[in-house]
Structure formats: C-alpha cells, structure tokens
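Novice: Please find my_file.pdb (PDB, C-alpha atoms) on the next line:
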ATOM      1  CA  LYS A   1     133.266 106.679 126.578
ATOM      2  CA  LEU A   2     130.767 109.183 127.873
ATOM      3  CA  LEU A   3     127.633 107.138 127.196
ATOM      4  CA  ASN A   4     126.779 103.948 129.044
ATOM      5  CA  LEU A   5     125.119 100.961 127.385
ATOM      6  CA  ASN A   6     121.621 102.216 128.248
ATOM      7  CA  GLY A   7     122.302 105.829 127.277
ATOM      8  CA  LYS A   8     120.792 107.652 124.327
ATOM      9  CA  ILE A   9     121.881 110.526 122.119
ATOM     10  CA  ALA A  10     119.453 113.009 120.562
ATOM     11  CA  VAL A  11     120.614 115.338 117.790
ATOM     12  CA  VAL A  12     119.094 117.825 115.360
ATOM     13  CA  LEU A  13     120.989 118.031 112.091
ATOM     14  CA  PRO A  14     120.683 119.664 108.689
ATOM     15  CA  TYR A  15     119.087 117.016 106.475
ATOM     16  CA  ARG A  16     121.880 116.804 103.890
ATOM     17  CA  GLU A  17     124.595 116.394 106.513
ATOM     18  CA  SER A  18     122.633 113.818 108.495
ATOM     19  CA  ARG A  19     123.674 110.953 106.207
ATOM     20  CA  PHE A  20     127.349 111.526 107.065
ATOM     21  CA  PHE A  21     126.522 111.605 110.766
ATOM     22  CA  LEU A  22     124.502 108.383 110.439
ATOM     23  CA  GLN A  23     127.424 106.623 108.750
ATOM     24  CA  ALA A  24     129.813 107.736 111.495
ATOM     25  CA  ALA A  25     127.335 106.744 114.208
ATOM     26  CA  GLN A  26     126.916 103.278 112.718
ATOM     27  CA  ILE A  27     130.684 102.788 112.585
ATOM     28  CA  ALA A  28     130.866 103.884 116.243
ATOM     29  CA  GLY A  29     128.300 101.236 117.198
ATOM     30  CA  PHE A  30     125.127 103.301 117.481
ATOM     31  CA  PHE A  31     121.645 102.361 116.264
ATOM     32  CA  VAL A  32     118.889 104.746 115.238
ATOM     33  CA  GLU A  33     115.781 104.394 117.405
ATOM     34  CA  LYS A  34     113.779 107.335 116.085
ATOM     35  CA  LYS A  35     114.084 109.511 113.032
ATOM     36  CA  MET A  36     111.970 112.618 112.415
ATOM     37  CA  LEU A  37     112.137 114.237 108.999
ATOM     38  CA  ILE A  38     111.293 117.931 109.308
ATOM     39  CA  PHE A  39     109.709 119.605 106.299
ATOM     40  CA  PRO A  40     109.584 123.422 106.349
ATOM     41  CA  VAL A  41     106.584 123.518 103.976
ATOM     42  CA  VAL A  42     104.250 120.885 102.512
ATOM     43  CA  GLY A  43     105.659 119.574  99.237
ATOM     44  CA  ARG A  44     109.276 120.580  99.863
ATOM     45  CA  GLU A  45     112.240 118.416 100.736
ATOM     46  CA  PRO A  46     113.098 118.026 104.430
ATOM     47  CA  ASN A  47     115.619 120.523 105.738
ATOM     48  CA  ARG A  48     116.333 118.983 109.156
ATOM     49  CA  MET A  49     116.371 115.620 110.835
ATOM     50  CA  ASN A  50     115.920 114.783 114.498
ATOM     51  CA  LEU A  51     117.611 111.544 115.524
ATOM     52  CA  LEU A  52     117.555 109.442 118.659
ATOM     53  CA  LEU A  53     120.383 106.910 118.857
ATOM     54  CA  SER A  54     121.297 104.192 121.306
ATOM     55  CA  ARG A  55     123.835 101.415 121.654
ATOM     56  CA  LYS A  56     121.190  98.681 121.429
ATOM     57  CA  PRO A  57     119.494  97.622 118.191
ATOM     58  CA  VAL A  58     115.768  98.379 118.115
ATOM     59  CA  ASP A  59     113.030  98.733 115.522
ATOM     60  CA  LEU A  60     113.338 102.092 113.792
ATOM     61  CA  GLN A  61     110.472 104.551 114.228
ATOM     62  CA  THR A  62     110.199 107.165 111.469
ATOM     63  CA  GLU A  63     108.029 110.257 111.629
ATOM     64  CA  LYS A  64     107.403 113.100 109.203
ATOM     65  CA  PHE A  65     106.838 116.558 110.634
ATOM     66  CA  THR A  66     105.678 119.525 108.544
ATOM     67  CA  ILE A  67     105.820 123.076 109.904
ATOM     68  CA  ARG A  68     103.772 125.078 107.372
ATOM     69  CA  ASP A  69     101.082 124.247 104.849
ATOM     70  CA  GLY A  70     100.988 125.481 101.241
ATOM     71  CA  ASP A  71      99.406 128.783 102.330
ATOM     72  CA  GLY A  72     102.208 129.510 104.789
ATOM     73  CA  LYS A  73     100.082 128.766 107.860
ATOM     74  CA  PHE A  74     101.307 126.519 110.645
ATOM     75  CA  THR A  75     100.093 122.933 110.288
ATOM     76  CA  ASN A  76      97.888 121.354 112.949
ATOM     77  CA  GLN A  77     100.753 118.971 113.656
ATOM     78  CA  TYR A  78     103.075 121.901 114.412
ATOM     79  CA  VAL A  79     100.509 123.757 116.520
ATOM     80  CA  GLU A  80      99.868 120.666 118.664
ATOM     81  CA  PHE A  81     103.582 120.059 119.054
ATOM     82  CA  VAL A  82     104.447 123.570 120.295
ATOM     83  CA  ARG A  83     101.189 124.370 122.126
ATOM     84  CA  ASP A  84     102.776 124.071 125.582
ATOM     85  CA  TYR A  85     105.655 126.379 124.670
ATOM     86  CA  TYR A  86     103.896 129.374 123.086
ATOM     87  CA  ILE A  87     101.051 131.573 124.288
ATOM     88  CA  SER A  88      99.560 131.775 120.796
ATOM     89  CA  VAL A  89     100.562 130.122 117.549
TER      90      VAL A  89
END
Please, can you express the file's structure as structure tokens?
Specialist:
Amino acid sequence: KLLNLNGKIAVVLPYRESRFFLQAAQIAGFFVEKKMLIFPVVGREPNRMNLLLSRKPVDLQTEKFTIRDGDGKFTNQYVEFVRDYYISV
C-alpha cells in the first residue's frame, strides 16, 4: 500500500483503455474525483483521458478539453492552458 487514505493518483491514459483502468481502480477501492476528456480536434472522439483518483468518494468533476479547432489552429482553451509553459503558441 503505497498511497495513504488522503493520497491521490493522477494518470493520463489512452481513451479506449481508460475504461479498463477505471474498472480495476474501482475494484481496488478508488474513486474518480476529476475526469478530463481530451479531444485532439473539434468534432472528433476523445483520444486521451486525464484522471484524478482518491480513496474517498467525492462528487465527480468532468471537463472537456479540445486542442485544435476545425481549421487546425490551437483552441483558446489550449492556449490558456499552456501559456505558462511555451514562449509562443
């Protein structure tokens, strides 16, 4: 047991495989606190999922995050998110 009762686990997973991870996490006694669906382009299916899990039940927070718009440009959401990490986006 590497995680205490107040600990949290954050993972980034391929979207399709995330359902298997979620099933295993639930069996192991974890609860999803936050879920972020990551869409590569507006209108496409998500390709990744960010998850924050804990050992205590809480209300689930779900967020959708889109990287590029239909023209291939970065979305405002993406630009705001990475602003502190890149000189220019």
Novice: With all atoms listed in the file as the atoms that count, which of A:Arg16, A:Lys8, A:Arg44, A:Lys35 lies nearest to Arg68 (chain A)?
Specialist: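 Closest to Arg68 (chain A), using all atoms listed in the file: A:Arg44.
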Novice: If the PyMOL selection byres ((chain A and resi 40) around 12) were run on this exact file, what residues would it hold? Put them as a PDB file with C-alpha atoms, keeping the file's coordinate frame.
Specialist:
ATOM      1  CA  PRO A  14     120.683 119.664 108.689  1.00  0.00           C
ATOM      2  CA  TYR A  15     119.087 117.016 106.475  1.00  0.00           C
ATOM      3  CA  LEU A  37     112.137 114.237 108.999  1.00  0.00           C
ATOM      4  CA  ILE A  38     111.293 117.931 109.308  1.00  0.00           C
ATOM      5  CA  PHE A  39     109.709 119.605 106.299  1.00  0.00           C
ATOM      6  CA  VAL A  41     106.584 123.518 103.976  1.00  0.00           C
ATOM      7  CA  VAL A  42     104.250 120.885 102.512  1.00  0.00           C
ATOM      8  CA  GLY A  43     105.659 119.574  99.237  1.00  0.00           C
ATOM      9  CA  ARG A  44     109.276 120.580  99.863  1.00  0.00           C
ATOM     10  CA  GLU A  45     112.240 118.416 100.736  1.00  0.00           C
ATOM     11  CA  PRO A  46     113.098 118.026 104.430  1.00  0.00           C
ATOM     12  CA  ASN A  47     115.619 120.523 105.738  1.00  0.00           C
ATOM     13  CA  ARG A  48     116.333 118.983 109.156  1.00  0.00           C
ATOM     14  CA  MET A  49     116.371 115.620 110.835  1.00  0.00           C
ATOM     15  CA  LYS A  64     107.403 113.100 109.203  1.00  0.00           C
ATOM     16  CA  PHE A  65     106.838 116.558 110.634  1.00  0.00           C
ATOM     17  CA  THR A  66     105.678 119.525 108.544  1.00  0.00           C
ATOM     18  CA  ILE A  67     105.820 123.076 109.904  1.00  0.00           C
ATOM     19  CA  ARG A  68     103.772 125.078 107.372  1.00  0.00           C
ATOM     20  CA  ASP A  69     101.082 124.247 104.849  1.00  0.00           C
ATOM     21  CA  GLY A  70     100.988 125.481 101.241  1.00  0.00           C
ATOM     22  CA  GLY A  72     102.208 129.510 104.789  1.00  0.00           C
ATOM     23  CA  LYS A  73     100.082 128.766 107.860  1.00  0.00           C
ATOM     24  CA  PHE A  74     101.307 126.519 110.645  1.00  0.00           C
ATOM     25  CA  THR A  75     100.093 122.933 110.288  1.00  0.00           C
ATOM     26  CA  TYR A  78     103.075 121.901 114.412  1.00  0.00           C
TER      27      TYR A  78
END
Novice: Quick one: distance from CA of Ala10 (chain A) to CA of Ile87 (chain A) in Å, one decimal?
Specialist: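 Interatomic distance here is 26.4 Å.
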Novice: May I ask which of the residues A:Leu13, A:Val79, A:Leu3, A:Leu51 is the closest one to Ala28 (chain A), counting all atoms listed in the file?
Specialist: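 Using all atoms listed in the file, the shortest distance to Ala28 (chain A) belongs to A:Leu3.
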Novice: Out of A:Ser88, A:Val11, A:Phe81, A:Gly29, which residue has the shortest atom-to-atom distance to Arg55 (chain A) when counting only C-alpha atoms?
Specialist: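 Counting only C-alpha atoms, the residue closest to Arg55 (chain A) is A:Gly29.
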Novice: By how many Å are CA of Asn4 (chain A) and CA of Leu52 (chain A) apart?
Specialist: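 We find that CA of Asn4 (chain A) and CA of Leu52 (chain A) lie 14.9 Å from each other.
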Novice: Run the PyMOL selection byres ((chain A and resi 32) around 7) against the file shown and list the residues it catches, as a PyMOL selection string.
Specialist: chain A and resi 30-31+33-34+51-54+60
Novice: Take the residues from that selection and put them in a file with C-alpha atoms, as a PDB file, in the coordinates of the input.
Specialist:
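Generated output (result.pdb):
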ATOM      1  CA  PHE A  30     125.127 103.301 117.481  1.00  0.00           C
ATOM      2  CA  PHE A  31     121.645 102.361 116.264  1.00  0.00           C
ATOM      3  CA  GLU A  33     115.781 104.394 117.405  1.00  0.00           C
ATOM      4  CA  LYS A  34     113.779 107.335 116.085  1.00  0.00           C
ATOM      5  CA  LEU A  51     117.611 111.544 115.524  1.00  0.00           C
ATOM      6  CA  LEU A  52     117.555 109.442 118.659  1.00  0.00           C
ATOM      7  CA  LEU A  53     120.383 106.910 118.857  1.00  0.00           C
ATOM      8  CA  SER A  54     121.297 104.192 121.306  1.00  0.00           C
ATOM      9  CA  LEU A  60     113.338 102.092 113.792  1.00  0.00           C
TER      10      LEU A  60
END
Novice: What separation in Å, quoted to one decimal, exists between CA of Val82 (chain A) and CA of Ala25 (chain A)?
Specialist: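 So the answer is 29.1 Å.
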Novice: I'd like to know which of A:Gln23, A:Gly7, A:Met36, A:Arg83 is closest to Gln61 (chain A), using all atoms listed in the file.
Specialist: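 Nearest candidate to Gln61 (chain A) out of A:Gln23, A:Gly7, A:Met36, A:Arg83: A:Met36.
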Novice: Just checking: using all atoms listed in the file, which residue out of A:Asp71, A:Asn50, A:Pro57, A:Asn76 ends up closest to Arg19 (chain A)?
Specialist: A:Asn50
Novice: Hey, which of A:Tyr85, A:Ser18, A:Lys56, A:Gln26 ends up closest to Asn6 (chain A)? Count all atoms listed in the file.
Specialist: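 Ranked by minimum distance to Asn6 (chain A), first place goes to A:Lys56.
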